[in-house]
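Structure record follows, encoded as structure tokens.
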Amino acid sequence: MKIYLDNCCLNRPFDDQSNPRIHLEAEAVKAIITMCEQGNWLLISSHVLIFEINNAPDRQRANIIKLINQLSKEVIPLTEKIRQRAKTFETVGLQAFDALHLASAEENADVFLATDDQFIKKARQISGLTIKVSNPLHWLEEILP
């Protein structure tokens with residue numbers, strides 16, 4: 001299983017854990033990362049994700065997320081094909097960076113995980129999308145016995 005964690009997922013364990021939803025999503029992300037560390041699943045990254053992490057305002061958090069992202073078994077380069085695919089995603093209302101993430105993940109991952117409900121809703125409306133898009137907590141509930 002090849003998993004692409006959006007930047008919001010990678011940041012979730014560092015968000016305010018007093019909100020029950022945020023806490024549960026953070027635990028799901030940690031479980032997914034653990035499964036990747038153990039070699040059960042493969043974490044996939046992209047040049048878009050690395051750019052976003054490198055430009056995060058909180059440098060301490062960004063450095064930790066960089067370490068997590070180093071678990072990635074593959075880094076998808078930003079190609080013209082991905083740029084063009086992202087442009088089609090923008091037509092359904094995705095923001096440019098979100099569209100680039102999704103197009104990158106679609107290139108070589110099985111699932112794209114995000115915590116942004118609006119993004120997930122819009123992405124699921126894309127006809128011909130070849131990757132599953134889900135919230136990390138909901139996805140784990142679906143796939144774990």
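In the structure tokens, each chain is lettered A, B, ... as it comes, each chain's residues begin at 1, and ligands are numbered from 1 in order of appearance.
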
Give me the residues within 7 Å of range 82-95 of chain A as a PyMOL selection string, counting only C-alpha atoms and dropping any in the same chain fewer than 3 places off.
chain A and resi 78-79+98-100+103-104+119+122

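Reported to one decimal place, the separation of CA of Asp116 in chain A from CA of Ser18 in chain A is 18.1 Å.
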
Range 60-62 of chain A environment, 12 Å, only C-alpha atoms, sequence neighbours closer than 2 positions dropped, as a ChimeraX atom specification = /A:7-8,10-15,49-58,64-69

Contacts of Lys30 in chain A within 10 Å, only C-alpha atoms, excl. fewer than 3 positions in-chain, as a PyMOL selection string: chain A and resi 9-10+12-13+24-27+33-36+136

Show me, as a Markdown table, the residues of range 82-142 of chain A having an atom within 12 Å of range 40-46 of chain A, each with the closest atom pair and its distance in Å, using only C-alpha atoms.
| residue | atom | partner | partner_atom | distance |
| --- | --- | --- | --- | --- |
| A:Ile82 | CA | A:Ser46 | CA | 10.9 |
| A:Phe97 | CA | A:Ser46 | CA | 11.9 |
| A:Leu100 | CA | A:Ser46 | CA | 9.5 |
| A:His101 | CA | A:Ser46 | CA | 7.6 |
| A:Leu102 | CA | A:Ser46 | CA | 10.1 |
| A:Ala103 | CA | A:Ser46 | CA | 10.0 |
| A:Ser104 | CA | A:Ser46 | CA | 6.4 |
| A:Ala105 | CA | A:Ser46 | CA | 7.6 |
| A:Glu106 | CA | A:Ile44 | CA | 10.6 |
| A:Glu107 | CA | A:Ser46 | CA | 10.0 |
| A:Asn108 | CA | A:Ile44 | CA | 7.9 |
| A:Ala109 | CA | A:Ile44 | CA | 6.7 |
| A:Asp110 | CA | A:Ile44 | CA | 9.5 |
| A:Val111 | CA | A:Ile44 | CA | 9.7 |
| A:Phe112 | CA | A:Ile44 | CA | 9.5 |
| A:Leu113 | CA | A:Leu43 | CA | 11.1 |

For the residues selected in the previous step, produce a file with N, CA and C atoms as a PDB file, in the first residue's frame.
ATOM      1  N   ILE A  82       2.162  16.345 -14.390  1.00  0.00           N
ATOM      2  CA  ILE A  82       1.530  16.611 -13.096  1.00  0.00           C
ATOM      3  C   ILE A  82       0.963  18.022 -13.070  1.00  0.00           C
ATOM      4  N   PHE A  97      -2.019  24.539  -4.783  1.00  0.00           N
ATOM      5  CA  PHE A  97      -1.123  23.613  -4.082  1.00  0.00           C
ATOM      6  C   PHE A  97      -1.809  22.285  -3.814  1.00  0.00           C
ATOM      7  N   LEU A 100      -1.774  20.325  -6.971  1.00  0.00           N
ATOM      8  CA  LEU A 100      -0.451  19.764  -7.259  1.00  0.00           C
ATOM      9  C   LEU A 100      -0.162  18.548  -6.381  1.00  0.00           C
ATOM     10  N   HIS A 101      -0.557  18.622  -5.110  1.00  0.00           N
ATOM     11  CA  HIS A 101      -0.390  17.464  -4.221  1.00  0.00           C
ATOM     12  C   HIS A 101      -1.161  16.262  -4.757  1.00  0.00           C
ATOM     13  N   LEU A 102      -2.413  16.496  -5.102  1.00  0.00           N
ATOM     14  CA  LEU A 102      -3.258  15.397  -5.564  1.00  0.00           C
ATOM     15  C   LEU A 102      -2.737  14.815  -6.872  1.00  0.00           C
ATOM     16  N   ALA A 103      -2.339  15.666  -7.790  1.00  0.00           N
ATOM     17  CA  ALA A 103      -1.803  15.185  -9.070  1.00  0.00           C
ATOM     18  C   ALA A 103      -0.506  14.415  -8.852  1.00  0.00           C
ATOM     19  N   SER A 104       0.321  14.862  -7.931  1.00  0.00           N
ATOM     20  CA  SER A 104       1.564  14.152  -7.617  1.00  0.00           C
ATOM     21  C   SER A 104       1.253  12.783  -7.028  1.00  0.00           C
ATOM     22  N   ALA A 105       0.337  12.745  -6.085  1.00  0.00           N
ATOM     23  CA  ALA A 105      -0.017  11.482  -5.440  1.00  0.00           C
ATOM     24  C   ALA A 105      -0.647  10.513  -6.425  1.00  0.00           C
ATOM     25  N   GLU A 106      -1.490  11.037  -7.301  1.00  0.00           N
ATOM     26  CA  GLU A 106      -2.152  10.183  -8.279  1.00  0.00           C
ATOM     27  C   GLU A 106      -1.137   9.484  -9.173  1.00  0.00           C
ATOM     28  N   GLU A 107       0.018  10.086  -9.323  1.00  0.00           N
ATOM     29  CA  GLU A 107       1.066   9.528 -10.183  1.00  0.00           C
ATOM     30  C   GLU A 107       1.549   8.164  -9.694  1.00  0.00           C
ATOM     31  N   ASN A 108       1.626   7.963  -8.351  1.00  0.00           N
ATOM     32  CA  ASN A 108       2.181   6.685  -7.897  1.00  0.00           C
ATOM     33  C   ASN A 108       1.813   6.293  -6.466  1.00  0.00           C
ATOM     34  N   ALA A 109       0.652   6.693  -5.990  1.00  0.00           N
ATOM     35  CA  ALA A 109       0.212   6.263  -4.661  1.00  0.00           C
ATOM     36  C   ALA A 109      -1.161   5.614  -4.790  1.00  0.00           C
ATOM     37  N   ASP A 110      -1.509   4.835  -3.791  1.00  0.00           N
ATOM     38  CA  ASP A 110      -2.813   4.168  -3.779  1.00  0.00           C
ATOM     39  C   ASP A 110      -3.876   4.994  -3.066  1.00  0.00           C
ATOM     40  N   VAL A 111      -3.435   5.774  -2.076  1.00  0.00           N
ATOM     41  CA  VAL A 111      -4.372   6.571  -1.302  1.00  0.00           C
ATOM     42  C   VAL A 111      -3.741   7.917  -0.954  1.00  0.00           C
ATOM     43  N   PHE A 112      -4.559   8.944  -0.993  1.00  0.00           N
ATOM     44  CA  PHE A 112      -4.166  10.306  -0.621  1.00  0.00           C
ATOM     45  C   PHE A 112      -4.940  10.638   0.646  1.00  0.00           C
ATOM     46  N   LEU A 113      -4.230  10.925   1.720  1.00  0.00           N
ATOM     47  CA  LEU A 113      -4.880  11.219   2.992  1.00  0.00           C
ATOM     48  C   LEU A 113      -4.733  12.690   3.356  1.00  0.00           C
TER      49      LEU A 113
END

### Message
Let's see if you can do this: from backbone DSSP, list all strand (DSSP E or B) residues in range 1-111 of chain A, as a PyMOL selection string.
### Response
chain A and resi 2-5+42-46+74-76+111

Using only C-alpha atoms, the best pick from A:Glu142, A:Leu137, A:Val48, A:Ala96 as closest to Ile32 in chain A would be A:Leu137

Practice item. Report the residues of chain A whose backbone DSSP state falls under helix (DSSP H, G or I), written as a ChimeraX atom specification. Key: /A:7-14,20-37,47-54,59-69,80-90,96-108,117-124,136-143
